[in-house]
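One file, coords35.cif, carrying mmCIF, C-alpha atoms:
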data_coords
loop_
_atom_site.label_atom_id
_atom_site.label_comp_id
_atom_site.auth_asym_id
_atom_site.auth_seq_id
_atom_site.Cartn_x
_atom_site.Cartn_y
_atom_site.Cartn_z
CA MET Y 1 -35.95 -25.92 -40.26
CA LYS Y 2 -32.38 -27.23 -40.29
CA THR Y 3 -31.09 -23.64 -40.17
CA VAL Y 4 -33.28 -22.85 -37.16
CA ARG Y 5 -32.01 -25.94 -35.30
CA LEU Y 6 -28.44 -24.94 -36.10
CA LEU Y 7 -29.09 -21.44 -34.77
CA TYR Y 8 -30.51 -22.84 -31.53
CA ALA Y 9 -27.49 -25.10 -31.18
CA VAL Y 10 -25.09 -22.19 -31.62
CA LEU Y 11 -27.02 -20.10 -29.08
CA ALA Y 12 -26.98 -22.99 -26.61
CA LEU Y 13 -23.22 -23.37 -26.98
CA LEU Y 14 -22.73 -19.64 -26.44
CA TRP Y 15 -24.89 -19.78 -23.30
CA MET Y 16 -23.00 -22.81 -21.98
CA GLY Y 17 -19.72 -21.02 -22.60
CA HIS Y 18 -20.98 -17.98 -20.71
CA CYS Y 19 -21.99 -20.13 -17.74
CA ALA Y 20 -18.70 -22.01 -17.75
CA LYS Y 21 -16.77 -18.75 -17.44
CA GLY Y 22 -18.78 -17.88 -14.35
CA TRP Y 23 -20.38 -14.64 -13.36
CA ALA Y 24 -19.34 -11.67 -15.54
CA GLY Y 25 -19.79 -8.89 -12.98
CA THR Y 26 -17.31 -7.47 -10.47
CA VAL Y 27 -16.41 -8.28 -6.89
CA GLY Y 28 -17.67 -5.87 -4.26
CA PHE Y 29 -15.84 -5.28 -0.99
CA GLN Y 30 -16.73 -3.65 2.30
CA GLU Y 31 -15.76 -3.68 5.95
CA GLN Y 32 -18.37 -3.91 8.69
CA ASN Y 33 -18.49 -4.22 12.47
CA THR Y 34 -20.48 -6.16 15.03
CA GLN Y 35 -19.71 -7.18 18.63
CA ASP Y 36 -18.81 -10.29 20.56
CA GLU Y 37 -20.44 -11.33 23.81
CA ARG Y 38 -18.02 -9.14 25.78
CA GLY Y 39 -18.96 -6.09 23.72
CA GLN Y 40 -15.65 -6.13 21.86
CA PRO Y 41 -15.77 -5.19 18.16
CA ILE Y 42 -15.74 -7.98 15.59
CA LYS Y 43 -14.54 -6.59 12.29
CA LEU Y 44 -15.71 -8.23 9.08
CA ALA Y 45 -14.33 -8.08 5.57
CA ILE Y 46 -17.01 -8.97 3.03
CA TRP Y 47 -16.54 -9.87 -0.64
CA TYR Y 48 -19.61 -10.32 -2.80
CA PRO Y 49 -20.85 -10.32 -6.41
CA SER Y 50 -21.42 -6.71 -7.43
CA SER Y 51 -22.95 -4.75 -10.28
CA SER Y 52 -20.72 -1.71 -9.62
CA PRO Y 53 -17.47 -0.84 -11.44
CA ALA Y 54 -14.29 -2.25 -9.91
CA HIS Y 55 -10.94 -0.52 -9.45
CA VAL Y 56 -7.51 -1.61 -8.30
CA VAL Y 57 -7.13 -0.56 -4.66
CA ASN Y 58 -4.73 -1.19 -1.80
CA ILE Y 59 -6.34 -2.98 1.15
CA GLY Y 60 -3.89 -3.62 3.94
CA TRP Y 61 -0.83 -5.18 2.35
CA THR Y 62 -2.83 -6.50 -0.60
CA THR Y 63 -3.83 -5.07 -3.94
CA GLN Y 64 -7.29 -6.08 -5.08
CA GLU Y 65 -9.55 -5.23 -7.99
CA VAL Y 66 -12.88 -4.62 -6.26
CA ALA Y 67 -15.87 -2.32 -6.18
CA MET Y 68 -15.37 -0.63 -2.79
CA GLY Y 69 -18.79 -0.46 -1.14
CA GLY Y 70 -20.33 -1.48 -4.45
CA ALA Y 71 -23.91 -2.60 -4.92
CA LEU Y 72 -24.70 -6.24 -4.21
CA SER Y 73 -25.86 -7.88 -7.43
CA ALA Y 74 -29.50 -8.91 -7.74
CA GLY Y 75 -30.80 -12.18 -6.35
CA VAL Y 76 -30.03 -14.24 -3.24
CA HIS Y 77 -26.54 -15.54 -2.63
CA PRO Y 78 -25.04 -18.37 -0.55
CA LEU Y 79 -22.75 -17.29 2.28
CA ILE Y 80 -19.35 -18.55 3.39
CA VAL Y 81 -17.87 -17.31 6.67
CA ILE Y 82 -14.06 -17.41 6.97
CA SER Y 83 -12.05 -17.89 10.19
CA HIS Y 84 -8.33 -17.04 10.12
CA GLY Y 85 -5.50 -18.63 12.10
CA THR Y 86 -3.79 -17.44 15.28
CA GLY Y 87 -2.42 -13.93 14.81
CA GLY Y 88 -3.96 -13.66 11.33
CA THR Y 89 -6.25 -11.10 9.76
CA TYR Y 90 -9.48 -11.07 7.82
CA LEU Y 91 -7.34 -10.61 4.71
CA SER Y 92 -5.41 -13.86 5.28
CA HIS Y 93 -7.50 -15.68 2.66
CA TYR Y 94 -8.56 -12.79 0.45
CA ASP Y 95 -7.84 -14.68 -2.77
CA THR Y 96 -10.12 -17.55 -1.73
CA ALA Y 97 -12.79 -15.04 -0.70
CA THR Y 98 -12.46 -13.32 -4.08
CA ALA Y 99 -12.80 -16.63 -5.92
CA LEU Y 100 -15.96 -17.38 -3.94
CA ALA Y 101 -17.42 -13.96 -4.75
CA GLN Y 102 -16.61 -14.45 -8.43
CA ALA Y 103 -18.63 -17.67 -8.25
CA GLY Y 104 -21.65 -15.88 -6.77
CA PHE Y 105 -21.04 -16.39 -3.05
CA ILE Y 106 -20.91 -13.80 -0.30
CA ALA Y 107 -17.64 -14.43 1.59
CA ALA Y 108 -17.33 -12.81 5.02
CA ALA Y 109 -14.05 -13.07 6.93
CA VAL Y 110 -14.03 -12.53 10.69
CA ARG Y 111 -11.21 -10.71 12.46
CA HIS Y 112 -11.19 -12.49 15.80
CA PRO Y 113 -10.99 -9.98 18.69
CA GLY Y 114 -7.98 -10.65 20.90
CA ASP Y 115 -6.44 -13.08 18.41
CA ASN Y 116 -5.29 -11.20 15.33
CA ALA Y 117 -2.22 -9.49 13.91
CA GLN Y 118 -2.84 -6.33 15.96
CA ASP Y 119 -4.03 -7.89 19.22
CA HIS Y 120 -2.74 -11.10 20.83
CA SER Y 121 -4.32 -10.54 24.23
CA ARG Y 122 -6.74 -13.49 24.05
CA GLN Y 123 -5.04 -15.90 21.67
CA LEU Y 124 -5.14 -18.63 24.34
CA PHE Y 125 -8.93 -18.33 24.56
CA ILE Y 126 -9.49 -20.32 21.40
CA LEU Y 127 -12.94 -21.49 22.52
CA GLU Y 128 -14.25 -17.92 22.22
CA ARG Y 129 -13.75 -17.99 18.47
CA SER Y 130 -16.80 -20.10 17.61
CA GLY Y 131 -18.92 -17.46 19.36
CA HIS Y 132 -17.40 -14.82 17.09
CA VAL Y 133 -18.55 -16.83 14.08
CA ARG Y 134 -22.04 -17.17 15.52
CA ARG Y 135 -22.28 -13.42 16.16
CA ALA Y 136 -20.99 -12.70 12.66
CA LEU Y 137 -23.68 -14.93 11.17
CA ASP Y 138 -26.35 -13.24 13.29
CA TYR Y 139 -25.22 -9.86 11.97
CA LEU Y 140 -25.03 -10.95 8.33
CA LEU Y 141 -28.47 -12.57 8.44
CA GLN Y 142 -30.27 -9.86 10.44
CA ASP Y 143 -28.54 -6.47 10.45
CA TRP Y 144 -26.22 -6.22 7.46
CA ARG Y 145 -27.67 -4.00 4.76
CA GLY Y 146 -27.57 -6.91 2.32
CA HIS Y 147 -29.13 -9.43 4.70
CA ALA Y 148 -32.28 -9.87 2.61
CA GLN Y 149 -30.11 -11.23 -0.22
CA VAL Y 150 -28.34 -13.86 1.88
CA ASP Y 151 -29.58 -17.39 1.26
CA ALA Y 152 -29.87 -18.60 4.86
CA SER Y 153 -30.33 -22.19 3.68
CA ARG Y 154 -26.91 -22.24 1.97
CA ILE Y 155 -24.24 -21.31 4.52
CA GLY Y 156 -20.74 -22.76 4.71
CA ILE Y 157 -17.59 -22.14 6.73
CA PHE Y 158 -13.90 -22.03 5.81
CA GLY Y 159 -11.29 -22.27 8.57
CA PHE Y 160 -7.49 -22.41 8.62
CA SER Y 161 -5.32 -23.54 11.57
CA ALA Y 162 -6.98 -22.04 14.69
CA GLY Y 163 -9.77 -21.14 12.29
CA GLY Y 164 -10.00 -24.83 11.37
CA PHE Y 165 -10.44 -25.66 15.06
CA THR Y 166 -13.07 -22.90 15.22
CA ALA Y 167 -14.97 -24.31 12.26
CA LEU Y 168 -14.93 -27.81 13.73
CA VAL Y 169 -16.51 -26.51 16.94
CA ASN Y 170 -19.11 -24.60 14.93
CA ILE Y 171 -20.13 -27.75 13.05
CA GLY Y 172 -20.53 -29.87 16.18
CA GLY Y 173 -17.05 -30.80 17.41
CA GLN Y 174 -16.66 -31.09 21.17
CA PRO Y 175 -12.91 -30.87 21.86
CA ASP Y 176 -11.46 -32.29 25.03
CA MET Y 177 -9.20 -29.43 26.13
CA SER Y 178 -7.88 -31.45 29.07
CA LEU Y 179 -5.81 -33.43 26.54
CA ILE Y 180 -3.56 -30.44 25.83
CA ALA Y 181 -1.45 -30.56 29.00
CA PRO Y 182 -0.50 -34.26 28.75
CA PHE Y 183 0.08 -33.86 25.01
CA CYS Y 184 2.54 -31.06 25.66
CA THR Y 185 4.56 -33.11 28.12
CA THR Y 186 5.71 -35.24 25.18
CA HIS Y 187 5.41 -32.71 22.34
CA ALA Y 188 6.87 -29.57 23.87
CA ASP Y 189 8.25 -28.45 20.50
CA HIS Y 190 4.80 -28.19 18.89
CA PHE Y 191 3.43 -24.72 18.24
CA VAL Y 192 0.53 -24.90 20.68
CA CYS Y 193 2.84 -26.07 23.48
CA GLN Y 194 5.38 -23.34 22.79
CA LEU Y 195 2.59 -20.79 22.69
CA LEU Y 196 1.28 -21.93 26.07
CA THR Y 197 4.75 -21.84 27.60
CA HIS Y 198 5.46 -18.37 26.25
CA GLU Y 199 2.11 -16.82 27.14
CA ASN Y 200 2.05 -18.20 30.67
CA ALA Y 201 5.71 -17.56 31.43
CA ASP Y 202 5.08 -14.33 33.35
CA GLY Y 203 1.47 -14.95 34.36
CA ARG Y 204 0.04 -12.40 31.94
CA ASN Y 205 -2.65 -14.71 30.63
CA ALA Y 206 -5.03 -17.10 32.30
CA PRO Y 207 -4.74 -20.79 31.41
CA VAL Y 208 -6.76 -22.14 28.52
CA PRO Y 209 -10.36 -22.50 29.76
CA LEU Y 210 -11.33 -26.12 30.34
CA PRO Y 211 -15.13 -26.33 30.38
CA ALA Y 212 -16.74 -29.64 31.16
CA ARG Y 213 -18.65 -29.48 27.88
CA VAL Y 214 -18.16 -27.54 24.68
CA ASP Y 215 -21.37 -27.19 22.67
CA ASN Y 216 -21.28 -24.36 20.15
CA GLN Y 217 -22.73 -26.17 17.16
CA ASP Y 218 -24.44 -23.86 14.69
CA ALA Y 219 -27.05 -25.71 12.66
CA ARG Y 220 -27.13 -22.92 10.09
CA ILE Y 221 -23.79 -24.14 8.69
CA LYS Y 222 -24.26 -26.86 6.08
CA ALA Y 223 -20.73 -27.50 4.74
CA ALA Y 224 -17.16 -26.87 5.87
CA VAL Y 225 -13.68 -26.56 4.39
CA ILE Y 226 -11.00 -27.17 7.03
CA ALA Y 227 -7.31 -26.50 6.30
CA ALA Y 228 -4.53 -27.59 8.69
CA PRO Y 229 -6.75 -27.61 11.81
CA ALA Y 230 -5.13 -26.68 15.13
CA LEU Y 231 -5.54 -28.96 18.17
CA GLY Y 232 -6.80 -31.78 16.00
CA PHE Y 233 -5.90 -34.33 18.67
CA THR Y 234 -8.49 -32.82 21.03
CA PHE Y 235 -11.27 -34.03 18.71
CA ALA Y 236 -10.45 -37.76 18.99
CA ASN Y 237 -13.82 -39.54 19.25
CA ARG Y 238 -15.53 -36.17 19.68
CA LEU Y 239 -16.75 -35.29 16.18
CA GLN Y 240 -19.79 -37.57 16.04
CA ARG Y 241 -22.14 -34.60 15.66
CA ALA Y 242 -20.19 -33.13 12.74
CA THR Y 243 -22.28 -34.84 10.08
CA ILE Y 244 -22.24 -32.15 7.37
CA PRO Y 245 -19.94 -32.51 4.33
CA VAL Y 246 -16.30 -31.62 5.04
CA GLN Y 247 -13.37 -30.94 2.75
CA LEU Y 248 -10.18 -31.44 4.77
CA TRP Y 249 -6.72 -30.20 3.72
CA ARG Y 250 -3.28 -31.11 5.06
CA ALA Y 251 0.12 -29.74 4.09
CA GLU Y 252 2.58 -32.60 3.61
CA ASP Y 253 5.48 -30.69 5.18
CA ASP Y 254 3.58 -28.87 7.95
CA GLN Y 255 6.16 -28.06 10.62
CA ILE Y 256 3.71 -26.02 12.72
CA LEU Y 257 1.05 -28.73 13.06
CA PRO Y 258 2.92 -31.88 12.07
CA HIS Y 259 1.37 -35.13 10.94
CA PRO Y 260 -0.34 -37.19 12.34
CA TRP Y 261 -1.70 -35.27 15.36
CA TYR Y 262 -3.81 -32.63 13.65
CA ALA Y 263 -5.56 -33.04 10.28
CA GLU Y 264 -5.17 -36.82 10.42
CA GLU Y 265 -6.78 -37.00 13.86
CA VAL Y 266 -9.70 -34.97 12.51
CA ARG Y 267 -10.03 -37.23 9.47
CA ARG Y 268 -10.19 -40.30 11.71
CA ALA Y 269 -12.73 -38.72 14.08
CA LEU Y 270 -15.22 -37.47 11.50
CA PRO Y 271 -18.27 -39.76 11.27
CA GLN Y 272 -18.29 -39.50 7.48
CA GLU Y 273 -15.19 -39.68 5.31
CA PRO Y 274 -14.24 -36.13 4.28
CA GLN Y 275 -12.98 -35.07 0.89
CA TYR Y 276 -9.32 -35.32 1.95
CA ARG Y 277 -6.49 -33.48 0.24
CA VAL Y 278 -2.79 -33.75 1.10
CA VAL Y 279 -0.72 -31.07 -0.62
CA ALA Y 280 2.72 -32.37 -1.61
CA GLN Y 281 5.70 -30.22 -0.52
CA ALA Y 282 3.42 -27.63 1.10
CA GLY Y 283 4.09 -26.06 4.46
CA HIS Y 284 1.58 -24.80 7.01
CA PHE Y 285 1.48 -21.22 5.76
CA ASP Y 286 1.04 -22.17 2.12
CA PHE Y 287 -2.71 -22.14 2.76
CA LEU Y 288 -2.45 -18.36 3.23
CA ALA Y 289 -2.92 -16.18 0.17
CA PRO Y 290 0.28 -15.54 -1.82
CA CYS Y 291 2.04 -12.54 -0.29
CA ALA Y 292 2.48 -9.16 -1.93
CA ALA Y 293 6.10 -8.01 -2.22
CA VAL Y 294 6.00 -5.71 0.81
CA MET Y 295 4.49 -8.42 3.00
CA ALA Y 296 6.98 -11.03 1.77
CA GLN Y 297 9.80 -8.69 2.75
CA ARG Y 298 8.43 -7.97 6.23
CA LEU Y 299 7.08 -11.43 7.08
CA PRO Y 300 9.27 -14.01 5.33
CA GLU Y 301 8.42 -16.65 7.95
CA ILE Y 302 4.84 -16.90 6.67
CA CYS Y 303 5.41 -15.85 3.06
CA SER Y 304 8.24 -18.21 2.14
CA SER Y 305 7.59 -21.62 0.61
CA ALA Y 306 9.85 -24.61 0.11
CA ALA Y 307 12.10 -24.59 -2.93
CA GLY Y 308 10.10 -25.82 -5.91
CA PHE Y 309 6.69 -25.15 -4.37
CA ASP Y 310 4.66 -22.54 -6.27
CA ARG Y 311 2.15 -21.07 -3.83
CA ALA Y 312 0.41 -18.99 -6.49
CA ALA Y 313 -0.10 -22.02 -8.74
CA PHE Y 314 -1.30 -24.10 -5.79
CA HIS Y 315 -3.85 -21.44 -4.85
CA ARG Y 316 -5.36 -21.46 -8.31
CA THR Y 317 -6.12 -25.16 -7.84
CA PHE Y 318 -6.98 -24.79 -4.16
CA ASN Y 319 -9.51 -22.01 -4.79
CA GLU Y 320 -11.11 -23.94 -7.65
CA GLU Y 321 -11.55 -26.99 -5.42
CA VAL Y 322 -12.93 -24.96 -2.51
CA VAL Y 323 -15.45 -23.23 -4.76
CA ALA Y 324 -16.48 -26.50 -6.44
CA PHE Y 325 -16.93 -28.20 -3.06
CA PHE Y 326 -19.23 -25.48 -1.76
CA GLN Y 327 -21.16 -25.38 -5.02
CA ARG Y 328 -21.76 -29.12 -4.84
CA THR Y 329 -22.53 -29.46 -1.13
CA LEU Y 330 -24.69 -26.35 -0.91
CA ASP Y 331 -26.41 -27.19 -4.21
CA VAL Y 332 -25.31 -23.93 -5.82
CA LYS Y 333 -25.57 -23.79 -9.60
CA ASP Y 334 -22.48 -22.57 -11.45
CA ARG Y 335 -23.14 -19.04 -12.58
#
Can the structure from this file be put into structure tokens for me?
Amino acid sequence: MKTVRLLYAVLALLWMGHCAKGWAGTVGFQEQNTQDERGQPIKLAIWYPSSSPAHVVNIGWTTQEVAMGGALSAGVHPLIVISHGTGGTYLSHYDTATALAQAGFIAAAVRHPGDNAQDHSRQLFILERSGHVRRALDYLLQDWRGHAQVDASRIGIFGFSAGGFTALVNIGGQPDMSLIAPFCTTHADHFVCQLLTHENADGRNAPVPLPARVDNQDARIKAAVIAAPALGFTFANRLQRATIPVQLWRAEDDQILPHPWYAEEVRRALPQEPQYRVVAQAGHFDFLAPCAAVMAQRLPEICSSAAGFDRAAFHRTFNEEVVAFFQRTLDVKDR
């Protein structure tokens, strides 16, 4: 009897060790398309747990080990939608998306039409972005070939910079866009103010839309990770409806969205205290995935970190915390 109990104990330890290591399959990857309300294409990059063999492939300026178009593993999976920053791409946070897929999530990154690395034509129309997220969710839950395996009760959002603003609107934030002009009279050196000055210099773009009311809350979203949110000051006293759990990140040395007008304003406006993280020595772009060599050479302004700051090491911790937050708040069991 003692031997049998010992055997069960050993088997239990082996099973616990297997679970602690996470899911043992591969990460699948595919690109899909839907449309925004203007009929413009919304491109999606989707990472997911897969049962197909993975290979090292070049995707954009990244190298990833994925099963291209691989089969989605059995069962239903929670979903995280990812919104990139101004001028970014749906690969901006590929390492975080991969970490989520390795933990059993489906991670779908939106390439915002008119505000991405290839197309800047509508980067002032930041309020359109939350509609892109809504349309992406509609597609993933209704038309995507894997839609039947998406757990519609466990949906989260990850947003960085302009994507952080987007996520805040999607979870109930109602920004006061009329605050931007007076803010820029005293903070002309801030990124948003320089962007407005540059884009409107020759009349190419219309002013930022200023609707009387912004109401793009999506009740399907149950948790949010917000990193270095743009236009944080526009949410002062206007986040009362954002009652879902939030993990909020700030870079200590953010020169693009400097303290205390962005992440700190969001922290103060949220009705419930977020899980707040301030990353010592980090700059704004350190929330982007570590750059491959070719990208670091071509885009040093977003790939370089301060002396002594290890972006790759930070991202190992960052991704672990993001995954753990979504597992806890969406009640997802560690695989």
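Residues surrounding stretch 129-143 of chain Y within 6 Å are Asp36, His147, Thr166 and Asn170 of chain Y [only C-alpha atoms; sequence separation below 4 positions excluded].
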Give as a PDB file with C-alpha atoms, in the coordinates of the input the residues that the PyMOL selection byres ((chain Y and resi 294) around 12) matches when applied to the coordinates above.
ATOM      1  CA  ASN Y  58      -4.730  -1.190  -1.800  1.00  0.00           C
ATOM      2  CA  GLY Y  60      -3.890  -3.620   3.940  1.00  0.00           C
ATOM      3  CA  TRP Y  61      -0.830  -5.180   2.350  1.00  0.00           C
ATOM      4  CA  THR Y  62      -2.830  -6.500  -0.600  1.00  0.00           C
ATOM      5  CA  THR Y  63      -3.830  -5.070  -3.940  1.00  0.00           C
ATOM      6  CA  PRO Y 290       0.280 -15.540  -1.820  1.00  0.00           C
ATOM      7  CA  CYS Y 291       2.040 -12.540  -0.290  1.00  0.00           C
ATOM      8  CA  ALA Y 292       2.480  -9.160  -1.930  1.00  0.00           C
ATOM      9  CA  ALA Y 293       6.100  -8.010  -2.220  1.00  0.00           C
ATOM     10  CA  MET Y 295       4.490  -8.420   3.000  1.00  0.00           C
ATOM     11  CA  ALA Y 296       6.980 -11.030   1.770  1.00  0.00           C
ATOM     12  CA  GLN Y 297       9.800  -8.690   2.750  1.00  0.00           C
ATOM     13  CA  ARG Y 298       8.430  -7.970   6.230  1.00  0.00           C
ATOM     14  CA  LEU Y 299       7.080 -11.430   7.080  1.00  0.00           C
ATOM     15  CA  PRO Y 300       9.270 -14.010   5.330  1.00  0.00           C
ATOM     16  CA  CYS Y 303       5.410 -15.850   3.060  1.00  0.00           C
TER      17      CYS Y 303
END
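Note that atom CA of Y:Asp115 and atom CA of Y:Thr34 are 16.0 Å apart.
Atom CA of Y:Gly70 is positioned 9.0 Å from atom CA of Y:Tyr48.
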Which residues fall under the PyMOL selection byres ((chain Y and resi 154) around 10) in this file, as a list of chain:residue names?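 Going through the file, the PyMOL selection byres ((chain Y and resi 154) around 10) ends up selecting Y:His77, Y:Pro78, Y:Leu79, Y:Ile80, Y:Phe105, Y:Val150, Y:Asp151, Y:Ala152, Y:Ser153, Y:Ile155, Y:Gly156, Y:Arg220, Y:Ile221, Y:Lys222, Y:Ala223, Y:Phe326, Y:Gln327, Y:Thr329, Y:Leu330, Y:Asp331, Y:Val332.
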Take the residues from that selection and write them out as a tab-separated table (two decimals), in the frame of the given file, keeping C-alpha atoms.
chain	number	residue	atom	x	y	z
Y	77	HIS	CA	-26.54	-15.54	-2.63
Y	78	PRO	CA	-25.04	-18.37	-0.55
Y	79	LEU	CA	-22.75	-17.29	2.28
Y	80	ILE	CA	-19.35	-18.55	3.39
Y	105	PHE	CA	-21.04	-16.39	-3.05
Y	150	VAL	CA	-28.34	-13.86	1.88
Y	151	ASP	CA	-29.58	-17.39	1.26
Y	152	ALA	CA	-29.87	-18.60	4.86
Y	153	SER	CA	-30.33	-22.19	3.68
Y	155	ILE	CA	-24.24	-21.31	4.52
Y	156	GLY	CA	-20.74	-22.76	4.71
Y	220	ARG	CA	-27.13	-22.92	10.09
Y	221	ILE	CA	-23.79	-24.14	8.69
Y	222	LYS	CA	-24.26	-26.86	6.08
Y	223	ALA	CA	-20.73	-27.50	4.74
Y	326	PHE	CA	-19.23	-25.48	-1.76
Y	327	GLN	CA	-21.16	-25.38	-5.02
Y	329	THR	CA	-22.53	-29.46	-1.13
Y	330	LEU	CA	-24.69	-26.35	-0.91
Y	331	ASP	CA	-26.41	-27.19	-4.21
Y	332	VAL	CA	-25.31	-23.93	-5.82
For the structure shown, which residues end up in the PyMOL selection byres ((chain Y and resi 164) around 7)? Put them as a ChimeraX atom specification, please? /Y:159-163,165-168,226-230
Taking into account all atoms listed in the file, which residue in the set Y:Val27, Y:Glu37, Y:Thr98, Y:Gln32 is nearest to Y:Ser52? Y:Val27
